[in-house]
Structure formats: C-alpha cells, structure tokens
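Raw contents of work39.cif, mmCIF, C-alpha atoms:
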```
data_upload
loop_
_atom_site.label_atom_id
_atom_site.label_comp_id
_atom_site.auth_asym_id
_atom_site.auth_seq_id
_atom_site.Cartn_x
_atom_site.Cartn_y
_atom_site.Cartn_z
CA MET A 1 0.00 0.00 0.00
CA ILE A 2 2.89 2.35 0.71
CA ALA A 3 4.39 1.63 -2.71
CA VAL A 4 1.03 2.23 -4.44
CA SER A 5 0.53 5.50 -2.59
CA ALA A 6 4.02 6.66 -3.49
CA GLY A 7 3.36 5.79 -7.13
CA LEU A 8 0.08 7.71 -7.17
CA LEU A 9 1.68 10.84 -5.76
CA GLY A 10 5.02 10.60 -7.58
CA PRO A 11 3.91 12.38 -10.78
CA ALA A 12 2.51 15.28 -8.75
CA LEU A 13 5.86 15.65 -6.98
CA SER A 14 8.01 15.50 -10.13
CA GLY A 15 5.73 16.98 -12.78
CA GLY A 16 3.97 19.39 -10.44
CA TRP A 17 7.21 20.89 -9.14
CA THR A 18 8.74 21.30 -12.59
CA ALA A 19 5.57 23.05 -13.77
CA GLN A 20 6.31 25.87 -11.30
CA LEU A 21 9.59 26.82 -12.98
CA PRO A 22 8.23 29.77 -15.04
CA ARG A 23 7.01 31.33 -11.80
CA VAL A 24 10.55 31.61 -10.44
CA SER A 25 12.59 32.06 -13.64
CA LEU A 26 12.62 34.85 -16.20
CA GLU A 27 11.45 33.77 -19.66
CA GLU A 28 14.83 34.48 -21.26
CA HIS A 29 16.51 32.26 -18.66
CA LEU A 30 14.02 29.39 -18.98
CA PRO A 31 16.03 27.24 -21.47
CA ARG A 32 18.99 27.14 -19.10
CA ALA A 33 16.68 26.64 -16.12
CA ASN A 34 15.14 23.62 -17.84
CA ALA A 35 18.55 21.99 -18.20
CA LEU A 36 19.42 22.74 -14.58
CA ASP A 37 16.07 21.37 -13.46
CA ALA A 38 16.66 18.14 -15.38
CA MET A 39 20.07 17.91 -13.69
CA THR A 40 18.36 17.70 -10.30
CA PHE A 41 16.76 14.41 -11.39
CA SER A 42 20.20 13.01 -12.23
CA VAL A 43 21.63 14.22 -8.92
CA ALA A 44 18.75 12.58 -7.08
CA SER A 45 19.37 9.34 -9.01
CA LEU A 46 22.97 9.38 -7.79
CA VAL A 47 22.56 10.61 -4.23
CA GLY A 48 19.19 9.05 -3.32
CA PRO A 49 20.13 5.37 -3.64
CA ALA A 50 23.48 6.03 -1.97
CA VAL A 51 21.83 7.70 1.04
CA ALA A 52 19.09 5.08 1.26
CA GLY A 53 21.59 2.23 1.04
CA GLY A 54 23.92 3.78 3.59
CA VAL A 55 21.16 4.45 6.11
CA ALA A 56 19.60 1.02 5.58
CA GLU A 57 22.97 -0.66 6.07
CA THR A 58 23.82 1.20 9.27
CA LEU A 59 20.42 1.89 10.88
CA GLY A 60 18.05 -0.50 9.13
CA ALA A 61 15.55 -0.32 6.28
CA PRO A 62 12.69 1.22 8.38
CA THR A 63 14.94 4.12 9.30
CA ALA A 64 15.80 4.64 5.64
CA VAL A 65 12.08 4.93 4.85
CA VAL A 66 11.67 7.52 7.62
CA VAL A 67 14.64 9.49 6.25
CA SER A 68 12.98 9.47 2.81
CA ALA A 69 9.78 10.89 4.31
CA VAL A 70 11.74 13.58 6.14
CA LEU A 71 13.55 14.60 2.94
CA ILE A 72 10.22 15.01 1.14
CA GLY A 73 8.92 17.07 4.07
CA LEU A 74 11.91 19.40 3.79
CA ALA A 75 10.50 20.56 0.44
CA LEU A 76 7.42 22.09 2.08
CA PRO A 77 9.02 25.46 2.95
CA ALA A 78 10.06 25.87 -0.69
CA ALA A 79 6.47 25.18 -1.76
CA TRP A 80 5.12 27.83 0.60
CA MET A 81 7.64 30.37 -0.74
CA LEU A 82 6.48 30.00 -4.35
CA PRO A 83 4.83 33.19 -5.70
CA ALA A 84 1.07 33.03 -6.13
CA ARG A 85 -0.31 32.41 -9.59
CA PRO A 86 -1.17 35.80 -11.11
CA ASP A 87 -4.31 34.49 -12.84
CA ARG A 88 -5.80 32.84 -9.77
CA ALA A 89 -9.05 34.61 -9.04
CA ARG A 90 -10.50 34.65 -5.55
CA GLY A 91 -13.62 32.61 -5.22
CA ALA A 92 -12.92 30.65 -8.42
CA PRO A 93 -14.65 27.26 -8.44
CA THR A 94 -12.45 24.32 -7.51
CA THR A 95 -12.14 21.26 -9.70
CA SER A 96 -11.37 17.63 -8.95
CA VAL A 97 -8.01 16.00 -9.56
CA VAL A 98 -9.55 13.71 -12.17
CA SER A 99 -11.08 16.60 -14.13
CA ASP A 100 -7.82 18.53 -13.97
CA LEU A 101 -5.84 15.58 -15.32
CA ALA A 102 -8.45 15.03 -18.04
CA ALA A 103 -8.14 18.68 -19.06
CA GLY A 104 -4.37 18.33 -19.22
CA LEU A 105 -4.62 15.20 -21.36
CA ARG A 106 -6.98 16.97 -23.77
CA VAL A 107 -4.41 19.69 -24.30
CA VAL A 108 -1.61 17.14 -24.78
CA VAL A 109 -3.63 15.34 -27.45
CA GLY A 110 -4.76 18.59 -29.08
CA ARG A 111 -1.34 20.17 -29.44
CA ALA A 112 0.83 18.41 -32.03
CA ALA A 113 4.12 19.50 -30.42
CA LEU A 114 2.99 18.26 -27.01
CA ALA A 115 1.52 15.05 -28.41
CA ARG A 116 4.65 13.96 -30.25
CA ALA A 117 6.99 15.00 -27.43
CA THR A 118 4.86 13.06 -24.96
CA LEU A 119 4.62 9.98 -27.21
CA THR A 120 8.38 9.92 -27.76
CA SER A 121 9.17 10.42 -24.09
CA VAL A 122 6.75 7.69 -22.99
CA LEU A 123 8.17 5.17 -25.46
CA SER A 124 11.72 6.18 -24.50
CA CYS A 125 10.81 5.67 -20.85
CA ALA A 126 9.41 2.26 -21.74
CA ALA A 127 12.75 1.33 -23.29
CA GLN A 128 14.53 2.63 -20.19
CA GLY A 129 12.28 0.41 -18.08
CA MET A 130 13.41 -2.63 -20.04
CA LEU A 131 17.06 -1.67 -19.62
CA THR A 132 16.61 -1.11 -15.88
CA ALA A 133 14.97 -4.52 -15.50
CA CYS A 134 18.07 -6.07 -17.06
CA ILE A 135 20.50 -4.26 -14.74
CA PRO A 136 20.64 -6.88 -11.92
CA LEU A 137 21.26 -9.77 -14.32
CA LEU A 138 23.78 -7.72 -16.27
CA GLY A 139 25.60 -7.00 -13.02
CA GLU A 140 25.57 -10.67 -12.08
CA ARG A 141 26.53 -12.18 -15.43
CA VAL A 142 28.76 -9.48 -16.89
CA LEU A 143 30.26 -7.65 -13.90
CA GLY A 144 30.43 -10.56 -11.46
CA GLY A 145 27.70 -9.59 -8.99
CA ALA A 146 24.06 -8.48 -9.06
CA GLY A 147 24.86 -5.63 -6.69
CA ARG A 148 27.32 -4.22 -9.22
CA GLY A 149 24.40 -3.42 -11.47
CA ALA A 150 23.97 -0.29 -9.35
CA VAL A 151 27.27 0.90 -10.83
CA LEU A 152 25.65 0.84 -14.25
CA LEU A 153 22.77 3.01 -13.02
CA SER A 154 25.29 5.40 -11.50
CA CYS A 155 27.12 5.62 -14.83
CA THR A 156 23.87 6.49 -16.61
CA ALA A 157 22.95 9.16 -14.05
CA SER A 158 26.47 10.64 -14.14
CA SER A 159 26.58 10.97 -17.92
CA ALA A 160 23.05 12.42 -17.94
CA LEU A 161 24.19 14.99 -15.38
CA LEU A 162 27.25 15.88 -17.45
CA ALA A 163 25.25 16.11 -20.69
CA ASN A 164 22.73 18.47 -19.09
CA ALA A 165 25.56 20.57 -17.64
CA VAL A 166 26.80 21.10 -21.20
CA LEU A 167 23.24 21.83 -22.34
CA ALA A 168 22.84 24.39 -19.55
CA ARG A 169 26.01 26.09 -20.79
CA PHE A 170 24.64 26.25 -24.35
CA PRO A 171 20.84 26.15 -23.83
CA ARG A 172 19.85 27.43 -27.27
CA SER A 173 22.34 25.44 -29.35
CA VAL A 174 19.77 22.83 -30.51
CA ALA A 175 15.97 23.08 -30.70
CA PRO A 176 14.29 21.03 -27.95
CA ASP A 177 12.06 19.24 -30.48
CA THR A 178 15.17 17.99 -32.29
CA ILE A 179 16.78 16.88 -29.04
CA ILE A 180 13.75 14.78 -28.13
CA TRP A 181 13.78 12.53 -31.19
CA ALA A 182 17.58 12.51 -31.58
CA SER A 183 18.00 11.48 -27.94
CA ALA A 184 15.69 8.52 -28.54
CA LEU A 185 18.03 7.32 -31.29
CA VAL A 186 21.04 7.79 -28.99
CA GLN A 187 19.35 5.61 -26.38
CA ALA A 188 18.50 3.01 -29.03
CA ALA A 189 22.16 2.84 -30.04
CA ALA A 190 23.20 2.49 -26.39
CA MET A 191 20.82 -0.40 -25.76
CA ALA A 192 21.87 -2.18 -28.93
CA LEU A 193 25.49 -1.77 -27.84
CA ALA A 194 24.70 -3.13 -24.38
CA ALA A 195 23.37 -6.31 -26.01
CA SER A 196 26.98 -7.36 -26.61
CA CYS A 197 27.19 -8.12 -22.84
CA GLN A 198 30.92 -7.33 -22.76
CA PRO A 199 32.04 -5.51 -19.57
CA ALA A 200 33.84 -2.54 -21.15
CA VAL A 201 31.28 -2.18 -23.93
CA LEU A 202 28.44 -2.38 -21.42
CA ILE A 203 29.83 0.49 -19.36
CA VAL A 204 30.27 2.61 -22.50
CA ALA A 205 26.70 1.73 -23.49
CA VAL A 206 25.14 2.90 -20.22
CA LEU A 207 27.19 6.10 -20.39
CA ILE A 208 25.78 6.74 -23.87
CA ALA A 209 22.29 5.96 -22.57
CA GLY A 210 22.66 8.74 -20.01
CA ILE A 211 23.76 11.17 -22.72
CA GLY A 212 20.45 10.42 -24.40
CA GLU A 213 18.26 10.44 -21.31
CA GLY A 214 19.42 13.68 -19.69
CA PRO A 215 19.00 16.15 -22.58
CA GLN A 216 15.75 14.47 -23.64
CA LEU A 217 14.25 15.22 -20.22
CA ALA A 218 15.41 18.85 -20.36
CA ALA A 219 14.03 19.21 -23.89
CA LEU A 220 10.71 17.68 -22.84
CA PHE A 221 10.43 20.26 -20.07
CA ALA A 222 11.16 23.02 -22.59
CA VAL A 223 8.44 21.85 -24.98
CA ARG A 224 5.88 21.57 -22.20
CA HIS A 225 6.66 25.04 -20.87
CA ARG A 226 6.47 26.44 -24.40
CA GLU A 227 3.23 24.76 -25.41
CA ALA A 228 1.17 24.44 -22.22
CA PRO A 229 -1.47 27.06 -21.40
CA GLU A 230 -0.63 28.75 -18.11
CA ARG A 231 -3.78 27.57 -16.31
CA LEU A 232 -3.17 23.93 -17.18
CA ARG A 233 0.61 23.75 -16.98
CA GLY A 234 0.62 21.79 -13.72
CA GLN A 235 -1.99 19.34 -15.02
CA ILE A 236 -0.05 18.77 -18.25
CA PHE A 237 3.23 18.14 -16.44
CA THR A 238 1.55 15.79 -13.97
CA ALA A 239 -0.33 13.89 -16.69
CA GLY A 240 2.88 13.57 -18.72
CA ALA A 241 4.82 12.27 -15.73
CA SER A 242 2.05 9.74 -15.06
CA LEU A 243 2.22 8.44 -18.62
CA LYS A 244 6.01 8.12 -18.47
CA SER A 245 5.86 6.23 -15.18
CA THR A 246 3.24 3.90 -16.62
CA GLY A 247 5.34 3.23 -19.72
CA PHE A 248 8.42 2.53 -17.60
CA ALA A 249 6.56 0.15 -15.30
CA LEU A 250 4.76 -1.77 -18.05
CA GLU A 251 7.88 -2.41 -20.10
CA ALA A 252 9.90 -3.30 -17.01
CA ALA A 253 7.23 -5.92 -16.27
CA VAL A 254 7.44 -7.19 -19.84
CA ALA A 255 11.23 -7.36 -19.67
CA GLY A 256 11.22 -9.57 -16.56
CA PRO A 257 10.06 -12.81 -18.24
CA VAL A 258 11.82 -12.01 -21.51
CA GLU A 259 15.24 -11.50 -19.93
CA THR A 260 15.13 -14.96 -18.35
CA TRP A 261 15.08 -16.26 -21.92
CA SER A 262 17.71 -13.88 -23.33
CA ILE A 263 19.27 -10.70 -21.96
CA PRO A 264 20.67 -9.65 -25.37
CA GLY A 265 17.25 -10.27 -26.89
CA THR A 266 15.62 -8.07 -24.26
CA LEU A 267 18.12 -5.27 -24.89
CA VAL A 268 17.57 -5.49 -28.65
CA LEU A 269 13.83 -5.27 -27.99
CA ALA A 270 14.45 -2.20 -25.82
CA ALA A 271 16.49 -0.64 -28.62
CA SER A 272 13.61 -1.31 -31.01
CA VAL A 273 11.19 0.48 -28.67
CA ALA A 274 13.57 3.47 -28.54
CA VAL A 275 13.71 3.56 -32.34
CA LEU A 276 9.91 3.42 -32.37
CA ALA A 277 9.95 6.44 -30.04
CA ALA A 278 11.88 8.46 -32.62
CA LEU A 279 9.60 7.27 -35.43
CA GLY A 280 6.56 8.19 -33.33
CA PHE A 281 7.83 11.76 -33.11
CA CYS A 282 8.07 11.98 -36.90
CA ALA A 283 4.69 10.29 -37.39
CA ILE A 284 2.82 13.19 -35.79
CA PRO A 285 3.00 16.19 -38.14
CA SER A 286 3.80 19.60 -36.76
CA ALA A 287 0.75 21.84 -36.61
CA ALA A 288 0.31 25.35 -35.34
CA VAL A 289 -2.50 26.06 -32.90
CA ASN A 290 -3.87 29.56 -32.75
CA PRO A 291 -4.63 31.39 -29.49
CA SER A 292 -8.37 30.82 -29.80
CA GLU A 293 -7.78 27.06 -29.96
CA ASP A 294 -5.48 27.35 -26.94
CA ARG A 295 -8.24 29.07 -24.97
CA ALA A 296 -10.79 26.47 -26.03
CA MET A 297 -8.58 23.58 -24.91
CA ALA A 298 -7.67 25.33 -21.68
CA GLY A 299 -11.36 25.75 -20.90
#
```

Structure encoded using structure tokens:
Amino acid sequence: MIAVSAGLLGPALSGGWTAQLPRVSLEEHLPRANALDAMTFSVASLVGPAVAGGVAETLGAPTAVVVSAVLIGLALPAAWMLPARPDRARGAPTTSVVSDLAAGLRVVVGRAALARATLTSVLSCAAQGMLTACIPLLGERVLGGAGRGAVLLSCTASSALLANAVLARFPRSVAPDTIIWASALVQAAAMALAASCQPAVLIVAVLIAGIGEGPQLAALFAVRHREAPERLRGQIFTAGASLKSTGFALEAAVAGPVETWSIPGTLVLAASVAVLAALGFCAIPSAAVNPSEDRAMAG
C-alpha cells in the first residue's frame, strides 16, 4: 500500500514541481533553467540510492524509509515560498483532480508538439524500463555480482548529469524538439550496444544511454513550458509524468520474463522500442494552434 501511494503521488511531486519553474525564472533564462532542473533528477538518481543504502545498512531499512519521508517534508518550505499564480481569481470554483488531469490530457492530445513529445518520451521511458529490468542480471553475469548493477545506473545518471551541464552552458544550441527525437536514437544505439554483454562495452553503453536520457528530459520540459497554457501547466506536467511512469513500469514488467530467456534479446527489444519512439515523433506532423484554440482547450 505504501508503494502504491508513493506511485500515485510521484507524478505530482516531479511533474507538479517542474511546472512551477516559469514562476521563479525569467522567460529568457528558462532554457537554461530547464537543463538545470533536469540535472536535479540526475543528482537525485545518484545521491538518493546512496543515502538510502547507507542508512539502511547502518540503521536499518525502516529508518531509511523515515529518512525518505523527512527529505520530502523538507521541500514544504520551498512550496510555501512560491509566488502566487497571477491568474488565480479569488472565489474561483475548484475542480477535482480527475477533471484537472483530463483537461491536461486533452491539451496534450490537441497540441501536435505536445503530443509527439509526450509519445516519444513515454516510449523512451518504456525502453529505459526494459534496460533497468536487465541491470541486476547484467551485473551478475557481466560484472560478477548483481549488486554491481547499481554501478551501471550510477554511470547512466552521471553521464546524464554531465550532458545536461553542457546543455545548460549552451541552452539554445539545438531546438528542444530535435533533441527529443535525436536522444531517442542515442538511447537506441546504447541499448543495442549493451546487447553485446561485454564488460567494457556495457559500461560505454550505459554512459551513452545517459547522454540520451538527460538532454531528452530537459528538452521535454522546454516543450511543455512552451506549449502548455498557463492555467493547465501543472496538469499537463503531472499527466505527462504519469504516462512516463506507466510506460516505464509496463515495459519493465514485460522485460522480466523475456530476460530470463535472453538478456541480449531483451536489450535489442528495448532498442527497437527506442527507435519506435523516434519514429513516433516523426509520425505526428507539426501543426500550429492559434490562441483561440489554446483558450478552447484550456477551458
């Protein structure tokens, strides 16, 4: 029940927080802020497991769970310090969470740029789920111990962090739409390379995977900030995060039985899903939406 509750609220924590970025960053600084924001996910991927493992090892797993809850609670002061939304009218009718998410999904489907960015990111996340499911067996069979699979995840997070640091230095060098589909191909190449199951090649592969994952996340944030109506930005980010989490979980579940048959086969399948992510981006044609359509979807 704890895991289910955490899963239900996870998208609101990740997507909801990122949706607040335009309220604390000037518009001209937003591209760089997006890259820095994406870097925080990579930092958390590196530091979080290390802290949890260290506390669990020294003080026990229950204490590690308590520490996790405390860390989340430490974010509350930052939430209270956020500036109020300028368009929030006093006495405005409240809406349910379900209706808000439905409104966000309608905008995602109605805006071509949002639809193709979301489709590509969800399929890329599905491929990442398959790779992650293979990590313990890769650690055991290639690196000599299942626990060493964590090293592979650390390599991915580190290269994603470095790639986004470069992107933050040159935030306008490549259009975010281009980064989204190109990063999917980079991840596909990394997963195909990992299928060789050779130690040195595997480490290079997961480093390349991070180079694809990090900038893709930053670019996805940029597209959402650019395309989302102000009133529904939080709903769109939360709905998008929910879809990505679902894609990751479903493909990780699929990879479990498949990898017992063949790890290289599972990684090739993951690479195919990543290629499909890039093709999905190109399959949805770009279309401009005028302000009146924006207002209609936002309503």

7 Å contact set for Ala194 (chain A), only C-alpha atoms, chain neighbours under 4 positions out, as a VMD selection string: chain A and resid 190 201 to 202 205 267

What would the selection look like, as a list in words, if the PyMOL selection byres ((chain A and resi 247) around 9) were run on the coordinates I just shared?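 When the PyMOL selection byres ((chain A and resi 247) around 9) is applied to the shown file, the picked residues are Val122, Leu123, Ser124, Cys125, Ala126, Ala127, Gly129, Ser242, Leu243, Lys244, Ser245, Thr246, Phe248, Ala249, Leu250, Glu251 and Ala252 of chain A.
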
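For the residues A:Leu76, A:Leu131, A:Ala44, A:Leu138, ranking by smallest atom-to-atom distance to Ala209 (chain A) using all atoms listed in the file places A:Leu131 first.
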
Could you give me, as a Markdown table, a per-residue list for region 123-194 of chain A showing, wherever an atom lies at most 8 Å from an atom of region 278-281 of chain A, the closest pair of atoms and their distance in Å to one decimal, using all atoms listed in the file and sorting by chain then residue number from low to high?
```
| residue | atom | partner | partner_atom | distance |
| --- | --- | --- | --- | --- |
| A:Ile180 | CA | A:Ala278 | CA | 8.0 |
| A:Trp181 | CA | A:Ala278 | CA | 4.7 |
| A:Ala182 | CA | A:Ala278 | CA | 7.1 |
| A:Ala184 | CA | A:Ala278 | CA | 5.6 |
| A:Leu185 | CA | A:Ala278 | CA | 6.4 |
```

For each of A:Arg172, A:Ala6, A:Ser158, A:Val107, take the minimum atom-to-atom distance to Glu28 (chain A), counting all atoms listed in the file, then give the residue where this is smallest. A:Arg172

With distances taken over only C-alpha atoms, which residue among A:Val206, A:Cys134, A:Val151, A:Gln198 lies nearest Val258 (chain A)? A:Cys134

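With distances taken from (5.6, 13.2, -22.2) and restricted to only C-alpha atoms, the residues inside 7 Å are Ala117, Thr118, Leu119, Ser121, Val122, Leu220, Gly240, Ala241, Leu243 and Lys244 of chain A.
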
Would you mind exporting C-alpha atoms of the selected residues as an mmCIF file, keeping the file's coordinate frame?
```cif
data_model
loop_
_atom_site.group_PDB
_atom_site.id
_atom_site.type_symbol
_atom_site.label_atom_id
_atom_site.label_comp_id
_atom_site.auth_asym_id
_atom_site.auth_seq_id
_atom_site.Cartn_x
_atom_site.Cartn_y
_atom_site.Cartn_z
ATOM 1 C CA ALA A 117 6.990 15.000 -27.430
ATOM 2 C CA THR A 118 4.860 13.060 -24.960
ATOM 3 C CA LEU A 119 4.620 9.980 -27.210
ATOM 4 C CA SER A 121 9.170 10.420 -24.090
ATOM 5 C CA VAL A 122 6.750 7.690 -22.990
ATOM 6 C CA LEU A 220 10.710 17.680 -22.840
ATOM 7 C CA GLY A 240 2.880 13.570 -18.720
ATOM 8 C CA ALA A 241 4.820 12.270 -15.730
ATOM 9 C CA LEU A 243 2.220 8.440 -18.620
ATOM 10 C CA LYS A 244 6.010 8.120 -18.470
#
```

With a distance cut-off of 7 Å and all atoms listed in the file, select the neighbouring residues of Arg32 (chain A), excluding the residue or stretch itself and same-chain residues fewer than 4 positions from it, and output the selection as an NGL selection string. :A and (36 or 168 or 171)

To one decimal in Å, tell me the separation between CA of Ser68 (chain A) and CA of Ile211 (chain A). 27.8 Å

With the PyMOL selection byres ((chain A and resi 20-24) around 9) as the selection, what would be picked from this file? Answer as a PDB file with C-alpha atoms, in the frame of the given file, please.
```pdb
ATOM      1  CA  GLY A  16       3.970  19.390 -10.440  1.00  0.00           C
ATOM      2  CA  TRP A  17       7.210  20.890  -9.140  1.00  0.00           C
ATOM      3  CA  THR A  18       8.740  21.300 -12.590  1.00  0.00           C
ATOM      4  CA  ALA A  19       5.570  23.050 -13.770  1.00  0.00           C
ATOM      5  CA  SER A  25      12.590  32.060 -13.640  1.00  0.00           C
ATOM      6  CA  LEU A  26      12.620  34.850 -16.200  1.00  0.00           C
ATOM      7  CA  GLU A  27      11.450  33.770 -19.660  1.00  0.00           C
ATOM      8  CA  LEU A  30      14.020  29.390 -18.980  1.00  0.00           C
ATOM      9  CA  ALA A  33      16.680  26.640 -16.120  1.00  0.00           C
ATOM     10  CA  ASN A  34      15.140  23.620 -17.840  1.00  0.00           C
ATOM     11  CA  ASP A  37      16.070  21.370 -13.460  1.00  0.00           C
ATOM     12  CA  LEU A  82       6.480  30.000  -4.350  1.00  0.00           C
ATOM     13  CA  PRO A  83       4.830  33.190  -5.700  1.00  0.00           C
ATOM     14  CA  ALA A  84       1.070  33.030  -6.130  1.00  0.00           C
ATOM     15  CA  ARG A  85      -0.310  32.410  -9.590  1.00  0.00           C
ATOM     16  CA  HIS A 225       6.660  25.040 -20.870  1.00  0.00           C
ATOM     17  CA  ARG A 233       0.610  23.750 -16.980  1.00  0.00           C
ATOM     18  CA  GLY A 234       0.620  21.790 -13.720  1.00  0.00           C
TER      19      GLY A 234
END
```

How far is it from CA of Ala150 (chain A) to CA of Ile203 (chain A), in Å with one decimal? 11.6 Å

Rounded to one decimal place, report the CA of Val51 (chain A)-CA of Gly73 (chain A) distance in Å. 16.2 Å

Take the PyMOL selection byres ((chain A and resi 175) around 12), run it mentally on this structure, and tell me the resulting residues as a compact mmCIF listing (two decimals) with C-alpha atoms, in the frame of the given file.
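This went into result.txt:
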```txt
# COMPACT_ATOMS: atom_id res chain seq x y z
CA PRO A 31 16.03 27.24 -21.47
CA LEU A 167 23.24 21.83 -22.34
CA PHE A 170 24.64 26.25 -24.35
CA PRO A 171 20.84 26.15 -23.83
CA ARG A 172 19.85 27.43 -27.27
CA SER A 173 22.34 25.44 -29.35
CA VAL A 174 19.77 22.83 -30.51
CA PRO A 176 14.29 21.03 -27.95
CA ASP A 177 12.06 19.24 -30.48
CA THR A 178 15.17 17.99 -32.29
CA ILE A 179 16.78 16.88 -29.04
CA ILE A 180 13.75 14.78 -28.13
CA TRP A 181 13.78 12.53 -31.19
CA ALA A 182 17.58 12.51 -31.58
CA PRO A 215 19.00 16.15 -22.58
CA GLN A 216 15.75 14.47 -23.64
CA ALA A 218 15.41 18.85 -20.36
CA ALA A 219 14.03 19.21 -23.89
CA LEU A 220 10.71 17.68 -22.84
CA ALA A 222 11.16 23.02 -22.59
CA VAL A 223 8.44 21.85 -24.98
CA ARG A 226 6.47 26.44 -24.40
```

Determine the nearest neighbour of Thr238 (chain A) from the options A:Ala69, A:Leu105, A:Ala56, A:Ala35, counting all atoms listed in the file. A:Leu105

Got a sec to check which residues sit within 10 Å of (19.0, 1.9, 2.1), counting all atoms listed in the file, and write them as an MDAnalysis selection string? chainID A and resid 48:65 67:68

I need the residues from that last selection saved to file as an mmCIF file, in the frame of the given file (with C-alpha atoms), if you can.
```cif
data_model
loop_
_atom_site.group_PDB
_atom_site.id
_atom_site.type_symbol
_atom_site.label_atom_id
_atom_site.label_comp_id
_atom_site.auth_asym_id
_atom_site.auth_seq_id
_atom_site.Cartn_x
_atom_site.Cartn_y
_atom_site.Cartn_z
ATOM 1 C CA GLY A 48 19.190 9.050 -3.320
ATOM 2 C CA PRO A 49 20.130 5.370 -3.640
ATOM 3 C CA ALA A 50 23.480 6.030 -1.970
ATOM 4 C CA VAL A 51 21.830 7.700 1.040
ATOM 5 C CA ALA A 52 19.090 5.080 1.260
ATOM 6 C CA GLY A 53 21.590 2.230 1.040
ATOM 7 C CA GLY A 54 23.920 3.780 3.590
ATOM 8 C CA VAL A 55 21.160 4.450 6.110
ATOM 9 C CA ALA A 56 19.600 1.020 5.580
ATOM 10 C CA GLU A 57 22.970 -0.660 6.070
ATOM 11 C CA THR A 58 23.820 1.200 9.270
ATOM 12 C CA LEU A 59 20.420 1.890 10.880
ATOM 13 C CA GLY A 60 18.050 -0.500 9.130
ATOM 14 C CA ALA A 61 15.550 -0.320 6.280
ATOM 15 C CA PRO A 62 12.690 1.220 8.380
ATOM 16 C CA THR A 63 14.940 4.120 9.300
ATOM 17 C CA ALA A 64 15.800 4.640 5.640
ATOM 18 C CA VAL A 65 12.080 4.930 4.850
ATOM 19 C CA VAL A 67 14.640 9.490 6.250
ATOM 20 C CA SER A 68 12.980 9.470 2.810
#
```

Closest of A:Leu137, A:Ala12, A:Ile2, A:Ile284 to Glu259 (chain A) - atom-to-atom distances counting only C-alpha atoms: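 Of A:Leu137, A:Ala12, A:Ile2, A:Ile284, the one nearest Glu259 (chain A), counting only C-alpha atoms, is A:Leu137.
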
Could you give me the centre and size, in Å to one decimal, of an axis-aligned box around all listed atoms of region 224-235 of chain A with 3 Å added on every side, as lines of an AutoDock Vina configuration file?
```
center_x = 1.4
center_y = 24.0
center_z = -19.6
size_x = 16.4
size_y = 15.4
size_z = 17.7
```

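Minimum atom-to-atom distance to Ala270 (chain A), evaluated using all atoms listed in the file, belongs to A:Met191 out of A:Glu213, A:Met191, A:Pro77, A:Ser286.
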